[in-house]
Amino acid sequence: MILERIVIGIGILLAHVLNGTNLFDIGTAIKPDFMILLVIFFALRKGGMSGLWIGFIGGLLTDAALGGEEGIGGKVFYKIGIHSLSFSIIGYLLGKFGRISYNENFVSISIFAFFLTLAARGLTYMLFSFFFHPNLNYSFVATSIYNAAIAPLTFFTLSWVYNLDPTSSEGIR
Amino acid sequence: MLWDRLSQLREFISVLFCILFSISSLIWNGNLVVKGVASTQTVSNAVSSSIDSFGSFFKSAYNKLESYESVRKERDSYAKLIEEYKVLPQDINALRAENDLLRKELGFAPKIEYPYIKAEVLSIRLNSIYRIIIINKGKDAGIRPYMPVIGRAIDESNGQVIQALVGKVIAVNNGTSVVQPIINSNFTMGVQIPKTNFWATLSGNSGRGMEAVLNYIDNGFIIDPKLITGKQIGPSLPTSEASFIDSFGNLGKPVFSSSGGGVFPAAIPVGIIAEEGPRSGSFKTAYIKPYIRFEELQFVSVIKKTPDKWVEDWPEEKSISIENPYFGELNFPGEILESKEAGSKDKKPLPAPAPQPIPVPKKIEIKPVNPTTPVIPKEKKKLSTDTDDSDEMLRKLEDTNQ
């Protein structure tokens with residue numbers, strides 16, 4: 001049990017580190033979002049609670065990567081809470097309700113990855129606009145398409161690493 | 001008993017915790033947990049940077065193998081350039097001395113040259129909701145918040161290597177700093193074009209990916225990026241008219257930092273105007289393509305310039321924010337009549353204006369101009385232009401006085 005959680009934790013850290021690299025850039029800064037792919041994978045395979053917690057922890061790390069900003073009087077302002085909220089909500093709802101309609105094949109993986117990345121980024125954008133300001137530069141579609149394109153390979157790799165087949169109904173909670 | 005009850009509510013409690021923790025972190029920004037979570041960033045940046053270096057090693061090795069011949073040609077041309085550059089220091093010293101002398105003669109302030117610190121880029125996060133760049137130098141190297149950051153770029157108009165603006169430092173740790181690039185949605189600065197009266201504010205929140213937007217551009221400027229090329233577009237104009245357009249068409253040229261905000265030194269190249277944007281009230285906007293290619297940035301220089309004293313001492317109550325940049329349309333004499341004519345073209349022709357009796361002023365008082373006199377409202381201005389041309393009005397006034 002503990003070992004399993006450690007391995008999942010390593011996966012979250014790896015996704016976070018990969019999000020920070022420029023290795024997968026296409027053109028002008030079009031990048032995939034590995035963290036949301038990881039959340040989608042675990043939500044679909046292990047259920048709502050896994051989706052919730054992996055989304056929450058992965059989101060916290062993503063928020064930490066946004067960095068602080070020094071304001072008046074040397075006070076540093078952080079943006080912790082944006083991704084943790086959006087990723088955990090998406091992970092939980094997908095694991096809770098989305099698994100019923102999910103029948104895994106290459107096309108369904110890509111479609112789920114596209115729409116869920118779009119939804120996660122849309123929610124992140126709304127939260128950022130509400131708490132800070134509307135960010136007109138935030139990319140929705142390009143990242144979603146990229147995620148949809150790499151989702152089948154990512155799912156295959158993660159299924160092999162975590163030994164979680166689509167047919168295994170482990171931990172439906 | 002209680003444990004059993006909690007176990008049953010485990011799912012509900014988990015969801016509630018995640019939502020409440022996230023929202024409270026956003027509202028109560030500086031709590032210890034938030035600071036703890038944020039501190040993990042340093043470790044992940046270092047790992048990301050290592051992966052980048054590892055990846056770029058293979059990428060560059062592949063590129064080098066692929067373009068071996070072109071690299072050899074480049075090497076030969078650089079060898080020639082180095083020979084030429086060996087002579088340059090003498091010329092530079094002579095020009096510098098001449099420049100200092102001329103500045104003194106003309107009474108200009110002495111040119112300040114700031115020291116700078118070179119730093120390596122650890123991570124570029126352009127795909128996130130808040131775009132930042134992490135560099136590997138921080139407080140220990142003397143970097144402080146709000147120091148300007150520049151980087152090497154190529155000016156595509158002449159092929160020269162320039163030091164262009166990357167952004168500014170917004171947070172500093174001991175060994176790393178967070179840089180806010182000019183394409184960050186929260187970035188603003190003042191820009192100008194030298195030798196013109198063009199001033200504008202640059203904002204990173206352009207909605208155009210890798211471009212920034214210039215706001216509050218005066219209406220009188222013609223925005224035509226094609227002017228950069230110097231090619232004639234359309235029929236040739238008479239000399240006087242061409243010079244008029246040139247004087248207003250300076251927007252097609254590169255823009256530089258203005259130093260008006262007190263953070264950036266003046267005359268740092270920022271970018272080239274790419275396109276005219278949508279109008280914002282009574283002002284024009286324009287999209288600007290930064291010189292820096294952020295996705296390829298590897299090294300930067302942090303200029304050791306802290307914000308000017310007045311920026312820190314500036315009282316909050318004196319700050320001005322323009323909520324709605326709409327000051328009303330300018331109505332030039334004759335424009336209103338023309339627009340009325342155009343609007344009622346389909347209906348029927350305008351009747352000839354009936355002669356209006358002009359009131360004779362009983363006593364004309366000449367008062368000194370008070371600097372605090374409020375601006376005449378738009379309606380009153382309209383009255384003067386609605387009736388007739390200014391020359392004709394003067395003539396009528398003269399007649400009545402006689």
# chains A, B, ... in the order shown; residues from 1 in each chain; ligands from 1
>>> interface_residues(of="chain A", to="chain B", cutoff="7 Å", atoms="only C-alpha atoms", output="PyMOL selection string")
chain A and resi 17-18+20-23+28-31+49+56+64-70+77-82+84-85+135-139
>>> residues_around(residues="Ala164 of chain B", least_positions_apart="3", cutoff="10 Å", atoms="only C-alpha atoms", output="ChimeraX atom specification")
/B:149-155,161,167,256-257,267-271,290-292,300
>>> write_last_selection(atoms="C-alpha atoms", output="PDB file, in the first residue's frame")
ATOM      1  CA  VAL B 149      16.463  41.458 -17.373  1.00  0.00           C
ATOM      2  CA  ILE B 150      17.857  41.519 -20.899  1.00  0.00           C
ATOM      3  CA  GLY B 151      18.940  38.809 -23.311  1.00  0.00           C
ATOM      4  CA  ARG B 152      20.657  38.368 -26.617  1.00  0.00           C
ATOM      5  CA  ALA B 153      18.417  38.577 -29.684  1.00  0.00           C
ATOM      6  CA  ILE B 154      18.724  39.123 -33.404  1.00  0.00           C
ATOM      7  CA  ASP B 155      17.278  42.253 -34.959  1.00  0.00           C
ATOM      8  CA  VAL B 161      22.821  40.901 -32.463  1.00  0.00           C
ATOM      9  CA  GLY B 167      11.371  41.266 -18.447  1.00  0.00           C
ATOM     10  CA  PHE B 256      12.297  50.961 -26.816  1.00  0.00           C
ATOM     11  CA  SER B 257      11.881  51.242 -23.065  1.00  0.00           C
ATOM     12  CA  ALA B 267      16.392  52.852 -24.777  1.00  0.00           C
ATOM     13  CA  ILE B 268      16.424  49.083 -24.254  1.00  0.00           C
ATOM     14  CA  PRO B 269      15.052  47.497 -27.466  1.00  0.00           C
ATOM     15  CA  VAL B 270      11.713  45.803 -26.766  1.00  0.00           C
ATOM     16  CA  GLY B 271      10.257  44.698 -30.098  1.00  0.00           C
ATOM     17  CA  PRO B 290       9.275  40.996 -28.973  1.00  0.00           C
ATOM     18  CA  TYR B 291      12.856  40.687 -30.164  1.00  0.00           C
ATOM     19  CA  ILE B 292      13.472  37.899 -27.677  1.00  0.00           C
ATOM     20  CA  VAL B 300      20.119  36.308 -19.662  1.00  0.00           C
TER      21      VAL B 300
END
>>> atom_distance(atom1="atom CA of Pro166 of chain A", atom2="atom CA of Ile109 of chain A")
11.0 Å
>>> atom_distance(atom1="atom CA of Val191 of chain B", atom2="atom CA of Ala266 of chain B")
8.8 Å
>>> residues_around(residues="Val39 of chain A", least_positions_apart="2", cutoff="7 Å", atoms="only C-alpha atoms", output="list in words")
Met35, Ile36, Leu37, Phe41, Phe42, Ala43, Gly51, Ile54, Gly55 and Gly91 of chain A
>>> select_by_dssp(residues="segment 3-85 of chain A", states="helix (DSSP H, G or I)", output="ChimeraX atom specification")
/A:3-20,34-46,48-64,72-74,82-85
>>> atom_distance(atom1="atom CA of Glu120 of chain B", atom2="atom CA of Thr176 of chain B")
9.9 Å
>>> closest_residue(among="A:Leu164, A:Leu94, A:Met1, A:Ile111", to="Ile40 of chain A", atoms="only C-alpha atoms")
A:Leu94
>>> residues_around(residues="Lys284 of chain B", least_positions_apart="6", cutoff="8 Å", atoms="only C-alpha atoms", output="MDAnalysis selection string")
chainID B and resid 215:219 276:278
>>> write_last_selection(atoms="C-alpha atoms", output="mmCIF file, in the first residue's frame")
data_model
loop_
_atom_site.group_PDB
_atom_site.id
_atom_site.type_symbol
_atom_site.label_atom_id
_atom_site.label_comp_id
_atom_site.auth_asym_id
_atom_site.auth_seq_id
_atom_site.Cartn_x
_atom_site.Cartn_y
_atom_site.Cartn_z
ATOM 1 C CA ASN B 215 -2.064 50.619 -25.272
ATOM 2 C CA TYR B 216 -2.920 54.321 -25.155
ATOM 3 C CA ILE B 217 -1.439 55.177 -28.554
ATOM 4 C CA ASP B 218 -2.398 58.634 -29.685
ATOM 5 C CA ASN B 219 -5.072 58.699 -32.374
ATOM 6 C CA GLU B 276 -2.654 47.509 -35.437
ATOM 7 C CA GLY B 277 -4.965 46.295 -32.694
ATOM 8 C CA PRO B 278 -8.576 47.122 -31.878
#
>>> residues_around(residues="Asn147 of chain A", least_positions_apart="3", cutoff="7 Å", atoms="only C-alpha atoms", output="PDB file with N, CA and C atoms, in the first residue's frame")
ATOM      1  N   PRO A  32       2.745  19.937 -23.935  1.00  0.00           N
ATOM      2  CA  PRO A  32       1.694  19.102 -23.341  1.00  0.00           C
ATOM      3  C   PRO A  32       1.592  19.364 -21.839  1.00  0.00           C
ATOM      4  N   ASP A  33       0.497  18.935 -21.240  1.00  0.00           N
ATOM      5  CA  ASP A  33       0.355  19.041 -19.783  1.00  0.00           C
ATOM      6  C   ASP A  33       0.296  17.613 -19.233  1.00  0.00           C
ATOM      7  N   ALA A 113      -8.974  12.772 -23.330  1.00  0.00           N
ATOM      8  CA  ALA A 113      -7.827  13.649 -22.998  1.00  0.00           C
ATOM      9  C   ALA A 113      -8.071  15.061 -23.523  1.00  0.00           C
ATOM     10  N   PHE A 114      -8.604  15.170 -24.735  1.00  0.00           N
ATOM     11  CA  PHE A 114      -8.844  16.493 -25.325  1.00  0.00           C
ATOM     12  C   PHE A 114      -9.850  17.288 -24.497  1.00  0.00           C
ATOM     13  N   THR A 143      -2.790  23.076 -26.340  1.00  0.00           N
ATOM     14  CA  THR A 143      -2.353  22.100 -25.336  1.00  0.00           C
ATOM     15  C   THR A 143      -3.298  20.898 -25.318  1.00  0.00           C
ATOM     16  N   SER A 144      -4.583  21.145 -25.489  1.00  0.00           N
ATOM     17  CA  SER A 144      -5.564  20.042 -25.482  1.00  0.00           C
ATOM     18  C   SER A 144      -5.319  19.102 -26.658  1.00  0.00           C
ATOM     19  N   ILE A 150      -0.819  12.710 -27.598  1.00  0.00           N
ATOM     20  CA  ILE A 150       0.130  11.850 -26.867  1.00  0.00           C
ATOM     21  C   ILE A 150      -0.560  10.957 -25.823  1.00  0.00           C
ATOM     22  N   ALA A 151      -1.849  11.150 -25.627  1.00  0.00           N
ATOM     23  CA  ALA A 151      -2.562  10.405 -24.575  1.00  0.00           C
ATOM     24  C   ALA A 151      -2.490   8.878 -24.755  1.00  0.00           C
TER      25      ALA A 151
END
>>> select_by_dssp(residues="chain A", states="strand (DSSP E or B)", output="short mmCIF file (atom, residue, chain, number, x, y, z; two decimals) with C-alpha atoms, in the first residue's frame")
data_model
loop_
_atom_site.label_atom_id
_atom_site.label_comp_id
_atom_site.auth_asym_id
_atom_site.auth_seq_id
_atom_site.Cartn_x
_atom_site.Cartn_y
_atom_site.Cartn_z
CA ILE A 26 6.42 22.40 -30.55
CA ILE A 30 3.14 24.68 -27.39
CA GLU A 69 5.78 37.78 -6.79
CA GLU A 70 7.15 40.43 -4.49
CA VAL A 76 5.57 37.80 -1.54
CA PHE A 77 2.29 36.78 -3.15
#
>>> closest_residue(among="A:Tyr162, A:Pro152, A:His16, A:Phe87", to="Leu3 of chain A", atoms="only C-alpha atoms")
A:Tyr162
>>> residues_around(residues="Leu202 of chain B", least_positions_apart="3", cutoff="6 Å", atoms="only C-alpha atoms", output="ChimeraX atom specification")
/B:188-189,213-214
>>> residues_around(residues="Gly9 of chain A", least_positions_apart="4", cutoff="10 Å", atoms="only C-alpha atoms", output="VMD selection string")
chain A and resid 3 to 5 13 to 15 54 57 to 58
>>> write_last_selection(atoms="N, CA and C atoms", output="mmCIF file, in the first residue's frame")
data_model
loop_
_atom_site.group_PDB
_atom_site.id
_atom_site.type_symbol
_atom_site.label_atom_id
_atom_site.label_comp_id
_atom_site.auth_asym_id
_atom_site.auth_seq_id
_atom_site.Cartn_x
_atom_site.Cartn_y
_atom_site.Cartn_z
ATOM 1 N N LEU A 3 4.112 1.362 -0.603
ATOM 2 C CA LEU A 3 4.977 1.315 -1.780
ATOM 3 C C LEU A 3 4.231 1.824 -3.025
ATOM 4 N N GLU A 4 2.975 1.424 -3.105
ATOM 5 C CA GLU A 4 2.148 1.852 -4.243
ATOM 6 C C GLU A 4 2.026 3.378 -4.269
ATOM 7 N N ARG A 5 1.815 3.945 -3.065
ATOM 8 C CA ARG A 5 1.675 5.406 -2.975
ATOM 9 C C ARG A 5 2.984 6.117 -3.302
ATOM 10 N N LEU A 13 5.764 13.492 -9.378
ATOM 11 C CA LEU A 13 6.976 14.333 -9.449
ATOM 12 C C LEU A 13 7.557 14.353 -10.860
ATOM 13 N N LEU A 14 7.539 13.183 -11.492
ATOM 14 C CA LEU A 14 8.070 13.097 -12.860
ATOM 15 C C LEU A 14 7.232 13.947 -13.827
ATOM 16 N N ALA A 15 5.911 13.857 -13.673
ATOM 17 C CA ALA A 15 5.028 14.666 -14.535
ATOM 18 C C ALA A 15 5.297 16.151 -14.311
ATOM 19 N N ILE A 54 -4.712 12.749 -6.362
ATOM 20 C CA ILE A 54 -3.599 12.941 -7.318
ATOM 21 C C ILE A 54 -3.738 14.319 -7.973
ATOM 22 N N ILE A 57 -2.605 16.959 -5.217
ATOM 23 C CA ILE A 57 -1.155 17.048 -4.992
ATOM 24 C C ILE A 57 -0.431 17.548 -6.257
ATOM 25 N N GLY A 58 -0.845 17.006 -7.384
ATOM 26 C CA GLY A 58 -0.250 17.456 -8.656
ATOM 27 C C GLY A 58 -0.531 18.931 -8.903
#
